[in-house]
file data_34.txt (compact mmCIF, C-alpha atoms)
# COMPACT_ATOMS: atom_id res chain seq x y z
CA MET N 1 30.26 30.00 36.14
CA ARG N 2 27.45 29.90 33.59
CA LYS N 3 25.32 32.85 32.84
CA ARG N 4 21.55 32.73 32.68
CA GLY N 5 21.53 33.29 28.91
CA ASP N 6 23.71 30.22 28.31
CA SER N 7 21.36 27.91 30.18
CA ARG N 8 18.37 29.32 28.30
CA ARG N 9 20.12 28.75 24.96
CA ALA N 10 21.02 25.19 25.93
CA LYS N 11 17.44 24.50 27.01
CA THR N 12 16.11 26.05 23.78
CA SER N 13 18.40 23.89 21.62
CA VAL N 14 17.30 20.76 23.51
CA ASP N 15 13.64 21.74 23.05
CA PHE N 16 14.28 22.32 19.33
CA LYS N 17 15.90 18.88 18.94
CA GLN N 18 13.00 17.20 20.74
CA SER N 19 10.40 19.02 18.63
CA THR N 20 12.30 18.10 15.45
CA GLU N 21 12.36 14.42 16.48
CA LYS N 22 8.63 14.55 17.27
CA SER N 23 7.87 16.11 13.89
CA LYS N 24 9.92 13.40 12.11
CA LYS N 25 7.97 10.71 13.96
CA ALA N 26 4.69 12.44 13.11
CA ASP N 27 5.72 12.64 9.43
CA PHE N 28 6.53 8.90 9.41
CA VAL N 29 3.14 8.06 10.93
CA GLU N 30 1.48 10.39 8.41
CA ASP N 31 3.27 8.56 5.56
CA LEU N 32 2.21 5.23 7.02
CA LEU N 33 -1.43 6.33 7.07
CA ASP N 34 -1.19 7.95 3.61
CA LEU N 35 -0.12 4.62 2.06
CA GLY N 36 1.52 6.32 -0.87
CA TYR N 37 -1.42 8.16 -2.37
CA SER N 38 0.48 11.44 -2.07
CA LYS N 39 2.81 10.15 -4.80
CA ILE N 40 -0.05 10.41 -7.29
CA ASN N 41 -0.40 13.94 -8.58
CA ASN N 42 -4.05 14.40 -9.46
CA ASN N 43 -7.27 13.33 -7.78
CA ILE N 44 -8.50 11.26 -10.73
CA GLU N 45 -5.47 8.98 -10.54
CA LYS N 46 -5.80 8.77 -6.73
CA THR N 47 -9.41 7.70 -7.04
CA GLU N 48 -8.50 5.23 -9.79
CA ALA N 49 -5.72 3.73 -7.63
CA LYS N 50 -8.05 3.36 -4.63
CA ILE N 51 -10.72 1.72 -6.78
CA VAL N 52 -8.24 -0.70 -8.36
CA ILE N 53 -6.76 -1.63 -4.97
CA THR N 54 -10.24 -2.20 -3.52
CA ILE N 55 -11.28 -4.35 -6.51
CA ILE N 56 -8.09 -6.42 -6.22
CA CYS N 57 -8.71 -7.07 -2.51
CA ILE N 58 -12.34 -8.03 -3.15
CA LEU N 59 -11.26 -10.31 -6.01
CA ILE N 60 -8.69 -12.08 -3.85
CA LEU N 61 -11.21 -12.39 -1.00
CA CYS N 62 -13.88 -13.87 -3.29
CA VAL N 63 -11.48 -16.41 -4.80
CA TYR N 64 -10.16 -17.44 -1.39
CA VAL N 65 -13.63 -17.79 0.15
CA SER N 66 -14.90 -19.80 -2.82
CA THR N 67 -11.95 -22.22 -2.61
CA MET N 68 -11.74 -22.33 1.20
CA TYR N 69 -12.20 -25.63 3.05
CA PRO N 70 -15.78 -25.81 4.40
CA SER N 71 -14.72 -28.16 7.18
CA VAL N 72 -11.57 -29.45 8.84
CA PRO N 73 -8.66 -29.91 6.43
CA GLY N 74 -5.71 -32.18 7.17
CA GLY N 75 -2.47 -31.40 8.97
CA ASP N 76 -2.40 -29.17 12.03
CA SER N 77 -5.61 -27.39 11.10
CA GLY N 78 -7.84 -29.61 13.20
CA GLU N 79 -5.73 -29.00 16.29
CA LEU N 80 -5.65 -25.26 15.67
CA ILE N 81 -9.43 -25.12 15.16
CA ILE N 82 -10.07 -27.00 18.41
CA SER N 83 -7.52 -24.86 20.27
CA ALA N 84 -9.16 -21.69 18.98
CA TYR N 85 -12.65 -22.87 19.88
CA GLN N 86 -11.75 -24.11 23.35
CA MET N 87 -9.15 -21.39 24.04
CA SER N 88 -6.58 -24.07 24.78
CA VAL N 89 -2.94 -24.32 23.79
CA ALA N 90 -1.97 -25.87 20.47
CA HIS N 91 1.28 -27.80 20.06
CA PRO N 92 4.43 -25.77 20.84
CA PRO N 93 4.83 -22.82 20.46
CA GLY N 94 1.07 -22.66 21.11
CA TYR N 95 0.18 -19.89 18.64
CA PRO N 96 -1.67 -17.75 21.20
CA LEU N 97 -2.53 -14.87 18.85
CA PHE N 98 -3.96 -17.23 16.24
CA CYS N 99 -6.02 -19.01 18.90
CA ILE N 100 -7.35 -15.75 20.38
CA LEU N 101 -8.30 -14.31 16.99
CA GLY N 102 -9.67 -17.70 15.94
CA ARG N 103 -11.89 -17.67 19.02
CA LEU N 104 -13.24 -14.25 17.97
CA PHE N 105 -13.96 -15.62 14.49
CA THR N 106 -15.97 -18.49 16.01
CA TYR N 107 -18.62 -15.93 17.00
CA ILE N 108 -19.37 -15.14 13.33
CA PRO N 109 -22.81 -16.68 12.71
CA ILE N 110 -22.09 -18.52 9.44
CA GLY N 111 -20.99 -22.06 8.67
CA SER N 112 -19.34 -24.50 11.02
CA ILE N 113 -16.69 -23.65 13.62
CA ALA N 114 -14.02 -24.97 11.24
CA TYR N 115 -15.35 -22.74 8.44
CA ARG N 116 -15.16 -19.71 10.72
CA VAL N 117 -11.58 -20.35 11.82
CA ASN N 118 -10.63 -21.00 8.18
CA LEU N 119 -12.00 -17.50 7.48
CA LEU N 120 -9.34 -16.08 9.81
CA SER N 121 -6.63 -17.43 7.54
CA VAL N 122 -8.45 -16.06 4.49
CA PHE N 123 -8.61 -12.56 5.93
CA CYS N 124 -4.94 -12.76 6.94
CA GLY N 125 -4.09 -13.79 3.37
CA VAL N 126 -6.04 -10.89 1.87
CA GLY N 127 -4.39 -8.47 4.31
CA SER N 128 -1.00 -9.89 3.43
CA ALA N 129 -1.60 -9.35 -0.29
CA LEU N 130 -2.81 -5.81 0.45
CA PHE N 131 0.33 -4.96 2.44
CA LEU N 132 2.51 -6.34 -0.35
CA LEU N 133 0.58 -4.29 -2.91
CA LEU N 134 1.08 -1.13 -0.84
CA SER N 135 4.78 -1.91 -0.26
CA VAL N 136 5.49 -2.24 -3.95
CA PHE N 137 3.34 0.81 -4.63
CA GLN N 138 5.40 2.84 -2.16
CA TRP N 139 8.66 1.50 -3.49
CA THR N 140 8.01 1.95 -7.20
CA GLY N 141 5.27 4.59 -7.29
CA SER N 142 3.24 2.35 -9.61
CA TYR N 143 0.05 0.83 -8.31
CA ARG N 144 0.01 -1.40 -11.38
CA ALA N 145 3.30 -2.99 -10.25
CA GLY N 146 1.84 -3.37 -6.77
CA THR N 147 -1.30 -4.99 -8.17
CA PHE N 148 0.72 -7.41 -10.26
CA SER N 149 2.94 -8.41 -7.34
CA ALA N 150 -0.04 -8.85 -5.01
CA LEU N 151 -1.85 -11.09 -7.50
CA ILE N 152 1.26 -13.18 -8.17
CA PHE N 153 1.79 -13.54 -4.42
CA ALA N 154 -1.85 -14.28 -3.53
CA PHE N 155 -2.33 -16.92 -6.21
CA SER N 156 1.01 -18.69 -5.95
CA PRO N 157 0.25 -22.33 -5.13
CA LEU N 158 1.89 -22.56 -1.70
CA ILE N 159 0.46 -19.28 -0.40
CA TRP N 160 -2.99 -20.14 -1.71
CA THR N 161 -2.89 -23.62 -0.17
CA TYR N 162 -2.13 -22.39 3.34
CA THR N 163 -4.45 -19.40 3.15
CA ILE N 164 -7.65 -21.37 2.57
CA GLN N 165 -7.26 -23.50 5.69
CA ALA N 166 -6.79 -22.82 9.39
CA GLU N 167 -3.00 -22.51 9.49
CA VAL N 168 -0.66 -19.97 11.04
CA PHE N 169 1.29 -19.34 7.83
CA ALA N 170 -1.19 -16.78 6.48
CA MET N 171 -0.92 -14.76 9.70
CA ASN N 172 2.87 -14.98 9.47
CA ASN N 173 2.72 -13.67 5.90
CA LEU N 174 0.50 -10.82 7.10
CA PHE N 175 3.06 -9.73 9.69
CA VAL N 176 6.02 -10.12 7.31
CA ASN N 177 4.35 -7.97 4.64
CA ALA N 178 3.29 -5.40 7.25
CA LEU N 179 6.93 -5.15 8.35
CA LEU N 180 7.98 -4.85 4.71
CA LEU N 181 5.61 -1.91 4.28
CA ILE N 182 6.95 -0.23 7.42
CA MET N 183 10.56 -0.74 6.25
CA VAL N 184 9.81 0.70 2.81
CA LEU N 185 8.15 3.74 4.40
CA TYR N 186 11.07 4.17 6.79
CA ALA N 187 13.63 3.95 4.00
CA LYS N 188 11.67 6.43 1.92
CA ARG N 189 11.43 8.90 4.81
CA ARG N 190 15.13 8.52 5.59
CA ARG N 191 16.09 9.12 1.95
CA GLU N 192 13.93 12.27 1.87
CA ASN N 193 15.51 13.55 5.08
CA LYS N 194 19.02 13.04 3.65
CA LYS N 195 18.04 15.00 0.53
CA GLN N 196 16.74 17.87 2.66
CA ALA N 197 19.86 17.97 4.84

call {"tool": "encode", "arguments": {"input": "data_34.txt", "output": "structure tokens"}}
result
Amino acid sequence: MRKRGDSRRAKTSVDFKQSTEKSKKADFVEDLLDLGYSKINNNIEKTEAKIVITIICILILCVYVSTMYPSVPGGDSGELIISAYQMSVAHPPGYPLFCILGRLFTYIPIGSIAYRVNLLSVFCGVGSALFLLLSVFQWTGSYRAGTFSALIFAFSPLIWTYTIQAEVFAMNNLFVNALLLIMVLYAKRRRENKKQA
């Protein structure tokens, strides 16, 4: 028969394990929101890194917007623009997220409907380059390496071509690079936990 003290100890150890798991999850979320700035030691370098990253994103955005199709480009873009505007289903698999977000972009009061839906791809492309920049920054600790990789990625011919028109590839790149950032942060956190253990 168990004594009262044994059950209290067992409950305490379970509570400790749960609180430890919660703190690990909170640390991972904190790292995700920090985006690697804690790797930089002084505030001047942190500010410099944030300024450089912001300038790179604005540069990519300006180049993409200036080279973006003002109207309907060829390929599947016309179908995707109509599907987004009418909230209908594009050819299989239908691309529901692209169509929903494209519909939201049609409410922006500039240019034609096609121009507005093309903007969705542009913003997805800029976000994708940003996530790649932050992934490399987390991985190497060098925002210069992250900047270089983001610029090479953003201005590679195939990425650039599909980012300036209403296509689903830019949104796919956004999600892939977001997952890459999450994996890098997870691997970093796991490595730090192994060192502490």

call {"tool": "residues_around", "arguments": {"input": "data_34.txt", "residues": "N:Gly102", "least_positions_apart": "6", "cutoff": "8 Å", "atoms": "only C-alpha atoms", "output": "NGL selection string"}}
result
:N and (81 or 84-85 or 116-117 or 120)

call {"tool": "closest_residue", "arguments": {"input": "data_34.txt", "among": "N:Ser112, N:Gln196, N:Ser83, N:Ser121", "to": "N:Ile100", "atoms": "only C-alpha atoms"}}
result
N:Ser83

call {"tool": "closest_residue", "arguments": {"input": "data_34.txt", "among": "N:Ala197, N:Leu104, N:Met68, N:Leu181", "to": "N:Leu133", "atoms": "only C-alpha atoms"}}
result
N:Leu181

call {"tool": "residues_around", "arguments": {"input": "data_34.txt", "residues": "N:Tyr143", "least_positions_apart": "2", "cutoff": "9 Å", "atoms": "all atoms listed in the file", "output": "list in words"}}
result
Ala49, Val52, Ile53, Leu133, Leu134, Val136, Phe137, Gln138, Thr140, Gly141, Ala145, Gly146, Thr147 and Phe148 of chain N

call {"tool": "atom_distance", "arguments": {"input": "data_34.txt", "atom1": "atom CA of N:Val63", "atom2": "atom CA of N:Glu167"}}
result
17.7 Å
